[in-house]
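Novice: Next comes the structure file model_34.csv, holding CSV, C-alpha atoms.
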chain,number,residue,atom,x,y,z
L,1,MET,CA,-32.4,-9.0,44.2
L,2,GLN,CA,-29.5,-8.7,41.8
L,3,TRP,CA,-29.0,-12.4,41.8
L,4,LEU,CA,-32.7,-13.0,41.1
L,5,LYS,CA,-32.5,-10.7,38.0
L,6,PHE,CA,-30.1,-13.2,36.3
L,7,TYR,CA,-30.9,-16.6,37.8
L,8,TRP,CA,-34.6,-16.6,38.6
L,9,GLN,CA,-35.9,-16.5,35.1
L,10,ASP,CA,-39.5,-17.7,35.6
L,11,PRO,CA,-41.7,-16.9,32.5
L,12,LEU,CA,-43.9,-14.9,34.9
L,13,ILE,CA,-41.1,-12.2,34.9
L,14,VAL,CA,-41.6,-11.6,31.2
L,15,LYS,CA,-45.4,-11.7,31.5
L,16,CYS,CA,-45.7,-9.3,34.5
L,17,GLY,CA,-42.8,-7.0,33.4
L,18,ASP,CA,-44.6,-6.4,30.1
L,19,LYS,CA,-47.0,-3.5,30.5
L,20,TYR,CA,-49.5,-5.3,28.2
L,21,THR,CA,-49.4,-9.0,29.1
L,22,VAL,CA,-49.5,-8.1,32.8
L,23,ARG,CA,-53.1,-7.2,32.3
L,24,LYS,CA,-54.0,-10.9,31.9
L,25,TYR,CA,-52.1,-11.8,35.0
L,26,ILE,CA,-54.1,-9.1,37.0
L,27,LYS,CA,-57.4,-10.4,35.6
L,28,ASP,CA,-56.5,-14.0,36.4
L,29,LYS,CA,-55.9,-12.9,40.0
L,30,GLY,CA,-59.4,-11.5,40.2
L,31,LEU,CA,-58.3,-7.9,40.3
L,32,LYS,CA,-59.4,-6.5,36.9
L,33,GLU,CA,-61.0,-3.5,38.6
L,34,ILE,CA,-57.5,-2.1,39.4
L,35,LEU,CA,-56.5,-1.9,35.7
L,36,PRO,CA,-56.5,1.5,34.0
L,37,ARG,CA,-58.8,1.9,31.1
L,38,ILE,CA,-57.2,1.1,27.8
L,39,TYR,CA,-58.2,2.8,24.5
L,40,GLY,CA,-56.1,0.7,22.2
L,41,SER,CA,-53.1,-1.6,21.7
L,42,TYR,CA,-51.1,-1.7,18.6
L,43,ASP,CA,-48.1,-3.4,16.9
L,44,SER,CA,-47.2,-0.3,15.0
L,45,PRO,CA,-47.9,3.5,15.4
L,46,ASP,CA,-49.4,3.4,11.9
L,47,GLU,CA,-52.3,1.4,13.4
L,48,MET,CA,-53.2,4.2,15.8
L,49,ASP,CA,-56.5,6.1,15.3
L,50,TYR,CA,-56.3,9.4,17.2
L,51,ASN,CA,-60.0,10.0,16.6
L,52,GLU,CA,-60.7,7.2,19.0
L,53,TYR,CA,-59.1,8.8,22.0
L,54,PRO,CA,-60.3,11.5,24.5
L,55,SER,CA,-58.7,14.9,25.0
L,56,LYS,CA,-56.2,13.5,27.5
L,57,TYR,CA,-54.5,10.2,27.4
L,58,VAL,CA,-51.2,8.4,27.8
L,59,ILE,CA,-49.2,6.5,25.2
L,60,LYS,CA,-46.5,4.0,26.2
L,61,THR,CA,-44.6,1.0,24.9
L,62,SER,CA,-44.9,-2.3,26.8
L,63,ASN,CA,-41.2,-3.4,26.6
L,64,ALA,CA,-39.3,-0.9,28.8
L,65,CYS,CA,-39.5,1.8,31.5
L,66,LYS,CA,-39.9,5.5,31.1
L,67,THR,CA,-41.2,5.1,27.5
L,68,VAL,CA,-44.3,7.3,28.1
L,69,ILE,CA,-45.8,10.2,26.2
L,70,ILE,CA,-48.3,12.3,28.1
L,71,VAL,CA,-51.0,13.9,26.0
L,72,ASN,CA,-52.6,16.8,28.0
L,73,ASP,CA,-54.5,18.2,25.1
L,74,ALA,CA,-55.3,16.2,22.0
L,75,ASN,CA,-55.6,19.4,20.0
L,76,TYR,CA,-51.9,20.1,20.3
L,77,ILE,CA,-50.0,16.9,19.3
L,78,ASN,CA,-47.4,16.2,16.7
L,79,LYS,CA,-48.3,12.9,15.2
L,80,LYS,CA,-45.1,12.6,13.2
L,81,LYS,CA,-42.9,13.2,16.3
L,82,ILE,CA,-45.0,10.7,18.3
L,83,LYS,CA,-44.5,8.1,15.6
L,84,THR,CA,-40.8,8.6,15.4
L,85,GLN,CA,-40.5,8.4,19.2
L,86,LEU,CA,-42.6,5.2,19.4
L,87,GLU,CA,-40.6,3.5,16.6
L,88,THR,CA,-37.4,4.3,18.5
L,89,TRP,CA,-38.7,2.9,21.7
L,90,GLN,CA,-40.0,-0.3,19.9
L,91,ASN,CA,-36.5,-0.9,18.6
L,92,LEU,CA,-34.9,-0.4,22.0
L,93,ASP,CA,-33.3,-3.4,23.7
L,94,TYR,CA,-34.0,-2.4,27.2
L,95,SER,CA,-32.5,-5.6,28.6
L,96,LYS,CA,-29.1,-4.1,27.8
L,97,THR,CA,-29.9,-0.6,29.1
L,98,SER,CA,-31.3,-1.9,32.4
L,99,ILE,CA,-29.1,-5.1,32.6
L,100,GLU,CA,-32.3,-7.1,33.2
L,101,PRO,CA,-32.4,-10.0,30.7
L,102,HIS,CA,-36.2,-10.6,30.8
L,103,TYR,CA,-36.9,-7.4,28.8
L,104,LYS,CA,-35.3,-9.0,25.8
L,105,TYR,CA,-38.3,-11.4,25.4
L,106,MET,CA,-41.0,-8.8,25.4
L,107,PHE,CA,-42.9,-7.9,22.2
L,108,PRO,CA,-42.8,-4.0,22.0
L,109,LYS,CA,-46.5,-3.3,21.9
L,110,ILE,CA,-47.9,0.3,21.9
L,111,ILE,CA,-50.6,1.0,24.5
L,112,VAL,CA,-53.0,4.0,24.8
L,113,GLU,CA,-54.4,4.3,28.3
L,114,GLU,CA,-56.5,6.7,30.3
L,115,PHE,CA,-54.9,9.8,31.7
L,116,LEU,CA,-54.7,9.4,35.5
L,117,GLU,CA,-54.6,12.4,37.8
L,118,ASP,CA,-55.2,13.0,41.5
L,119,GLY,CA,-55.2,16.8,41.3
L,120,VAL,CA,-51.8,17.1,43.1
L,121,GLY,CA,-49.4,17.1,40.2
L,122,LEU,CA,-48.8,16.0,36.6
L,123,PHE,CA,-48.5,12.4,37.9
L,124,PRO,CA,-50.5,10.8,40.7
L,125,THR,CA,-48.7,9.9,44.0
L,126,ASP,CA,-47.2,6.5,43.4
L,127,TYR,CA,-47.1,3.8,46.1
L,128,LYS,CA,-44.5,1.1,45.5
L,129,PHE,CA,-44.8,-2.0,47.7
L,130,PHE,CA,-41.6,-4.1,48.1
L,131,CYS,CA,-42.8,-7.7,48.6
L,132,PHE,CA,-40.8,-10.7,49.6
L,133,ASN,CA,-42.4,-14.2,49.2
L,134,GLY,CA,-45.8,-12.8,49.0
L,135,LYS,CA,-45.5,-10.4,51.9
L,136,PRO,CA,-45.1,-6.6,51.5
L,137,LYS,CA,-42.5,-5.3,53.9
L,138,PHE,CA,-42.4,-1.5,53.2
L,139,VAL,CA,-43.6,1.1,50.7
L,140,GLU,CA,-41.8,3.8,48.8
L,141,VAL,CA,-44.0,6.8,48.1
L,142,MET,CA,-43.2,8.9,45.1
L,143,THR,CA,-44.6,12.5,44.9
L,144,ASN,CA,-44.2,15.6,42.7
L,145,ARG,CA,-43.0,13.6,39.7
L,146,ASP,CA,-42.6,15.5,36.5
L,147,GLU,CA,-41.9,14.7,32.8
L,148,ASN,CA,-38.2,14.9,33.4
L,149,HIS,CA,-38.4,12.2,36.0
L,150,ASN,CA,-37.6,14.5,38.9
L,151,ILE,CA,-39.2,13.1,42.0
L,152,GLU,CA,-39.5,13.1,45.8
L,153,ARG,CA,-39.2,9.8,47.5
L,154,HIS,CA,-40.5,8.8,50.9
L,155,PHE,CA,-40.3,5.4,52.7
L,156,TYR,CA,-42.8,4.0,55.2
L,157,ASP,CA,-43.4,0.7,57.0
L,158,LEU,CA,-46.8,-1.0,56.9
L,159,ASN,CA,-47.8,1.0,60.0
L,160,TRP,CA,-47.2,4.2,58.1
L,161,GLN,CA,-44.2,5.1,60.2
L,162,PRO,CA,-41.4,6.9,58.2
L,163,LEU,CA,-38.2,5.0,57.5
L,164,ASN,CA,-34.9,6.7,57.2
L,165,TYR,CA,-33.8,5.2,54.0
L,166,THR,CA,-31.6,6.9,51.4
L,167,GLY,CA,-33.6,9.2,49.3
L,168,THR,CA,-36.2,10.0,51.9
L,169,GLU,CA,-37.5,13.6,51.9
L,170,GLN,CA,-37.4,14.5,55.6
L,171,ASN,CA,-39.1,17.8,55.3
L,172,LEU,CA,-42.5,16.5,54.2
L,173,VAL,CA,-45.0,14.5,56.3
L,174,LEU,CA,-47.4,12.6,54.0
L,175,LYS,CA,-51.0,11.7,54.8
L,176,LYS,CA,-51.7,8.0,55.0
L,177,PRO,CA,-53.8,7.0,52.0
L,178,LYS,CA,-57.4,6.1,52.7
L,179,LEU,CA,-57.2,2.7,51.0
L,180,PHE,CA,-53.7,1.8,52.4
L,181,ASP,CA,-54.9,-1.5,54.0
L,182,GLU,CA,-56.5,-2.5,50.7
L,183,MET,CA,-53.3,-1.7,48.9
L,184,ILE,CA,-51.5,-4.1,51.2
L,185,ARG,CA,-54.0,-6.8,50.5
L,186,ILE,CA,-53.7,-6.4,46.7
L,187,SER,CA,-49.9,-6.4,47.0
L,188,GLU,CA,-50.1,-9.7,48.8
L,189,ILE,CA,-52.2,-11.3,46.1
L,190,LEU,CA,-50.0,-10.0,43.2
L,191,SER,CA,-46.7,-10.9,44.9
L,192,GLU,CA,-47.6,-14.4,46.0
L,193,ASP,CA,-45.9,-16.1,43.0
L,194,PHE,CA,-42.6,-14.3,43.4
L,195,PRO,CA,-39.6,-14.5,45.7
L,196,PHE,CA,-39.4,-10.7,45.3
L,197,VAL,CA,-41.5,-8.2,43.3
L,198,ARG,CA,-42.5,-4.6,43.6
L,199,VAL,CA,-46.2,-3.8,43.3
L,200,ASP,CA,-46.9,-0.2,42.1
L,201,LEU,CA,-50.3,1.3,42.9
L,202,TYR,CA,-52.2,4.6,42.7
L,203,GLU,CA,-55.1,5.8,44.9
L,204,ILE,CA,-57.3,8.0,42.8
L,205,LYS,CA,-60.8,9.1,43.7
L,206,ASP,CA,-61.3,6.4,46.3
L,207,GLN,CA,-60.1,3.7,43.8
L,208,ILE,CA,-56.9,1.7,43.6
L,209,ILE,CA,-55.3,1.6,40.2
L,210,LEU,CA,-52.3,-0.4,39.0
L,211,GLU,CA,-49.3,1.7,37.9
L,212,SER,CA,-47.5,-0.1,35.1
Using structure tokens, write down the structure that the file contains.

Specialist:
Amino acid sequence: MQWLKFYWQDPLIVKCGDKYTVRKYIKDKGLKEILPRIYGSYDSPDEMDYNEYPSKYVIKTSNACKTVIIVNDANYINKKKIKTQLETWQNLDYSKTSIEPHYKYMFPKIIVEEFLEDGVGLFPTDYKFFCFNGKPKFVEVMTNRDENHNIERHFYDLNWQPLNYTGTEQNLVLKKPKLFDEMIRISEILSEDFPFVRVDLYEIKDQIILES
């Protein structure tokens, strides 16, 4: 996988690594129903209209990881602080931070998306499928994530049998998601163009949503 980061530089990596342009890839695969609702996309925070958004939403930039602002209550936001943070993230060269060259070629767009919650924690349970040549092999399940990126990790094979990988929380037995088989099918479709890719999904209210 480390070799692929540097030497398999297919344009799809930039397209699908970008949180905004990946939406077209998903639609082209016939899976637009798994995309989270989007309230707006902008080149600058000055373009944002806070009157257009509901009481809860998420703000993120498209060109990096962990560049996310959670708005739990629109009545209590600091627009100046948000603007400063977004501008900092837009100027970030995440290719150097992550040592992943493809991030250098992403335009840093701002995205405002729906707030997703499953009633368990601040963030929904995250199912990350590790796929090789179009075939998911195992899934990492992330639970109890918070804004400081504290998290519990659990690994399962595709028969929902626990795997004793590093980081596994042994003291918690997770319930198999209702739509697990459909998640596998979606992962196969989205990974078929890659020698390796991770497909991240949520299951919320009997619906599968892409996590980007």

Novice: Would you compute the distance between atom CA of L:Ile184 and atom CA of L:Tyr20? Give it in Å to one decimal.

Specialist: 23.1 Å

Novice: Can you pull out every residue within 12 Å of L:Lys29, counting all atoms listed in the file, but drop anything in the same chain fewer than 6 positions away, and send it as a short mmCIF file (atom, residue, chain, number, x, y, z; two decimals) with C-alpha atoms, keeping the file's coordinate frame?

Specialist:
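part-v3.cif was written with the following content:
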data_model
loop_
_atom_site.label_atom_id
_atom_site.label_comp_id
_atom_site.auth_asym_id
_atom_site.auth_seq_id
_atom_site.Cartn_x
_atom_site.Cartn_y
_atom_site.Cartn_z
CA VAL L 22 -49.50 -8.10 32.80
CA ARG L 23 -53.10 -7.20 32.30
CA LEU L 35 -56.50 -1.90 35.70
CA ILE L 186 -53.70 -6.40 46.70
CA SER L 187 -49.90 -6.40 47.00
CA GLU L 188 -50.10 -9.70 48.80
CA ILE L 189 -52.20 -11.30 46.10
CA LEU L 190 -50.00 -10.00 43.20
CA SER L 191 -46.70 -10.90 44.90
CA GLU L 192 -47.60 -14.40 46.00
CA ASP L 193 -45.90 -16.10 43.00
#

Novice: Might you pull out every residue within 9 Å of L:Met106, with all atoms listed in the file counted and same-chain residues fewer than 5 positions away left off, and present them as a PyMOL selection string?

Specialist: chain L and resi 14-15+17-18+62-64

Novice: Sorted by chain and rising residue number, list the residues of stretch 56-138 of chain L at most 9 Å from stretch 151-166 of chain L (counting all atoms listed in the file), each with its closest atom pair and distance in Å to one decimal, as a Markdown table.

Specialist:
| residue | atom | partner | partner_atom | distance |
| --- | --- | --- | --- | --- |
| L:Pro136 | CA | L:Leu158 | CA | 8.0 |
| L:Lys137 | CA | L:Leu158 | CA | 6.8 |
| L:Phe138 | CA | L:Asp157 | CA | 4.5 |

Novice: So, counting only C-alpha atoms, which residue among L:Gln9, L:Ser44, L:Gln207, L:Ser55 is closest to L:Glu114?

Specialist: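 Residue with the minimum atom-to-atom distance to L:Glu114: L:Ser55.
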
Novice: Using only C-alpha atoms, can you list as a list in words the residues within 7 Å of (-40.9, -5.9, 46.5)?

Specialist: Phe129, Phe130, Cys131, Phe132, Pro136, Phe196, Val197, Arg198 and Val199 of chain L

Novice: Figure out the distance between atom CA of L:Met1 and atom CA of L:Thr97, please, to one decimal in Å.

Specialist: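 Between atom CA of L:Thr97 and atom CA of L:Met1 the gap is 17.5 Å.
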
Novice: So, with only C-alpha atoms as the atoms that count, which of L:Pro195, L:Pro45, L:Leu174, L:Leu179 lies closest to L:Gln85?

Specialist: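 Result for the nearest residue to L:Gln85: L:Pro45.
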
Novice: Between atom CA of L:Pro101 and atom CA of L:Cys65, what distance in Å does the model show, to one decimal?

Specialist: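 Here the two named atoms are 13.8 Å from each other.
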
Novice: Hey, could you make a per-residue contact list for stretch 103-165 of chain L against stretch 86-95 of chain L with 10 Å as the cut-off, showing the nearest pair of atoms and its distance in Å to one decimal, counting only C-alpha atoms, sorted by chain and number, as a Markdown table?

Specialist:
| residue | atom | partner | partner_atom | distance |
| --- | --- | --- | --- | --- |
| L:Tyr103 | CA | L:Ser95 | CA | 4.8 |
| L:Lys104 | CA | L:Ser95 | CA | 5.2 |
| L:Tyr105 | CA | L:Ser95 | CA | 8.8 |
| L:Met106 | CA | L:Asp93 | CA | 9.6 |
| L:Phe107 | CA | L:Gln90 | CA | 8.5 |
| L:Pro108 | CA | L:Gln90 | CA | 5.1 |
| L:Lys109 | CA | L:Gln90 | CA | 7.4 |
| L:Ile110 | CA | L:Leu86 | CA | 7.6 |

Novice: Reconstruct N, CA, C and O atoms of stretch 31-50 of chain L from the incomplete input and present them as a compact mmCIF listing (two decimals), in the coordinates of the input.

Specialist:
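Below is the file that was written, rebuild_8.txt:
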# COMPACT_ATOMS: atom_id res chain seq x y z
N LEU L 31 -58.45 -9.30 39.91
CA LEU L 31 -58.30 -7.90 40.30
C LEU L 31 -58.42 -6.97 39.06
O LEU L 31 -57.78 -5.92 38.97
N LYS L 32 -59.27 -7.33 38.12
CA LYS L 32 -59.40 -6.50 36.90
C LYS L 32 -59.84 -5.11 37.17
O LYS L 32 -59.59 -4.20 36.37
N GLU L 33 -60.47 -4.88 38.32
CA GLU L 33 -61.00 -3.50 38.60
C GLU L 33 -59.84 -2.54 38.90
O GLU L 33 -60.07 -1.33 38.91
N ILE L 34 -58.62 -3.01 39.12
CA ILE L 34 -57.50 -2.10 39.40
C ILE L 34 -56.78 -1.69 38.09
O ILE L 34 -55.86 -0.87 38.14
N LEU L 35 -57.18 -2.26 36.97
CA LEU L 35 -56.50 -1.90 35.70
C LEU L 35 -56.97 -0.60 35.16
O LEU L 35 -58.17 -0.31 35.15
N PRO L 36 -56.06 0.23 34.69
CA PRO L 36 -56.50 1.50 34.00
C PRO L 36 -57.19 1.17 32.73
O PRO L 36 -56.94 0.14 32.09
N ARG L 37 -58.10 2.06 32.34
CA ARG L 37 -58.80 1.90 31.10
C ARG L 37 -57.87 1.96 29.91
O ARG L 37 -56.93 2.76 29.89
N ILE L 38 -58.07 1.09 28.94
CA ILE L 38 -57.20 1.10 27.80
C ILE L 38 -58.04 1.44 26.53
O ILE L 38 -59.15 0.94 26.34
N TYR L 39 -57.50 2.34 25.71
CA TYR L 39 -58.20 2.80 24.50
C TYR L 39 -57.76 2.06 23.26
O TYR L 39 -58.46 2.07 22.25
N GLY L 40 -56.61 1.42 23.32
CA GLY L 40 -56.10 0.70 22.20
C GLY L 40 -54.76 0.10 22.40
O GLY L 40 -54.00 0.59 23.24
N SER L 41 -54.44 -0.99 21.69
CA SER L 41 -53.10 -1.60 21.70
C SER L 41 -52.72 -1.93 20.30
O SER L 41 -53.55 -2.43 19.53
N TYR L 42 -51.46 -1.68 19.95
CA TYR L 42 -51.10 -1.70 18.60
C TYR L 42 -49.65 -2.33 18.42
O TYR L 42 -48.81 -2.19 19.32
N ASP L 43 -49.41 -2.95 17.26
CA ASP L 43 -48.10 -3.40 16.90
C ASP L 43 -47.23 -2.36 16.27
O ASP L 43 -46.00 -2.47 16.24
N SER L 44 -47.88 -1.35 15.73
CA SER L 44 -47.20 -0.30 15.00
C SER L 44 -47.90 1.04 15.23
O SER L 44 -49.14 1.07 15.35
N PRO L 45 -47.18 2.17 15.27
CA PRO L 45 -47.90 3.50 15.40
C PRO L 45 -48.75 3.79 14.20
O PRO L 45 -49.66 4.62 14.32
N ASP L 46 -48.54 3.13 13.06
CA ASP L 46 -49.40 3.40 11.90
C ASP L 46 -50.81 2.87 12.12
O ASP L 46 -51.73 3.27 11.41
N GLU L 47 -51.01 2.00 13.10
CA GLU L 47 -52.30 1.40 13.40
C GLU L 47 -53.17 2.37 14.28
O GLU L 47 -54.37 2.17 14.43
N MET L 48 -52.55 3.35 14.88
CA MET L 48 -53.20 4.20 15.80
C MET L 48 -54.26 5.11 15.17
O MET L 48 -53.98 5.67 14.11
N ASP L 49 -55.41 5.24 15.80
CA ASP L 49 -56.50 6.10 15.30
C ASP L 49 -56.72 7.19 16.36
O ASP L 49 -57.41 6.94 17.35
N TYR L 50 -56.17 8.37 16.16
CA TYR L 50 -56.30 9.40 17.20
C TYR L 50 -57.68 9.93 17.38
O TYR L 50 -57.97 10.57 18.40
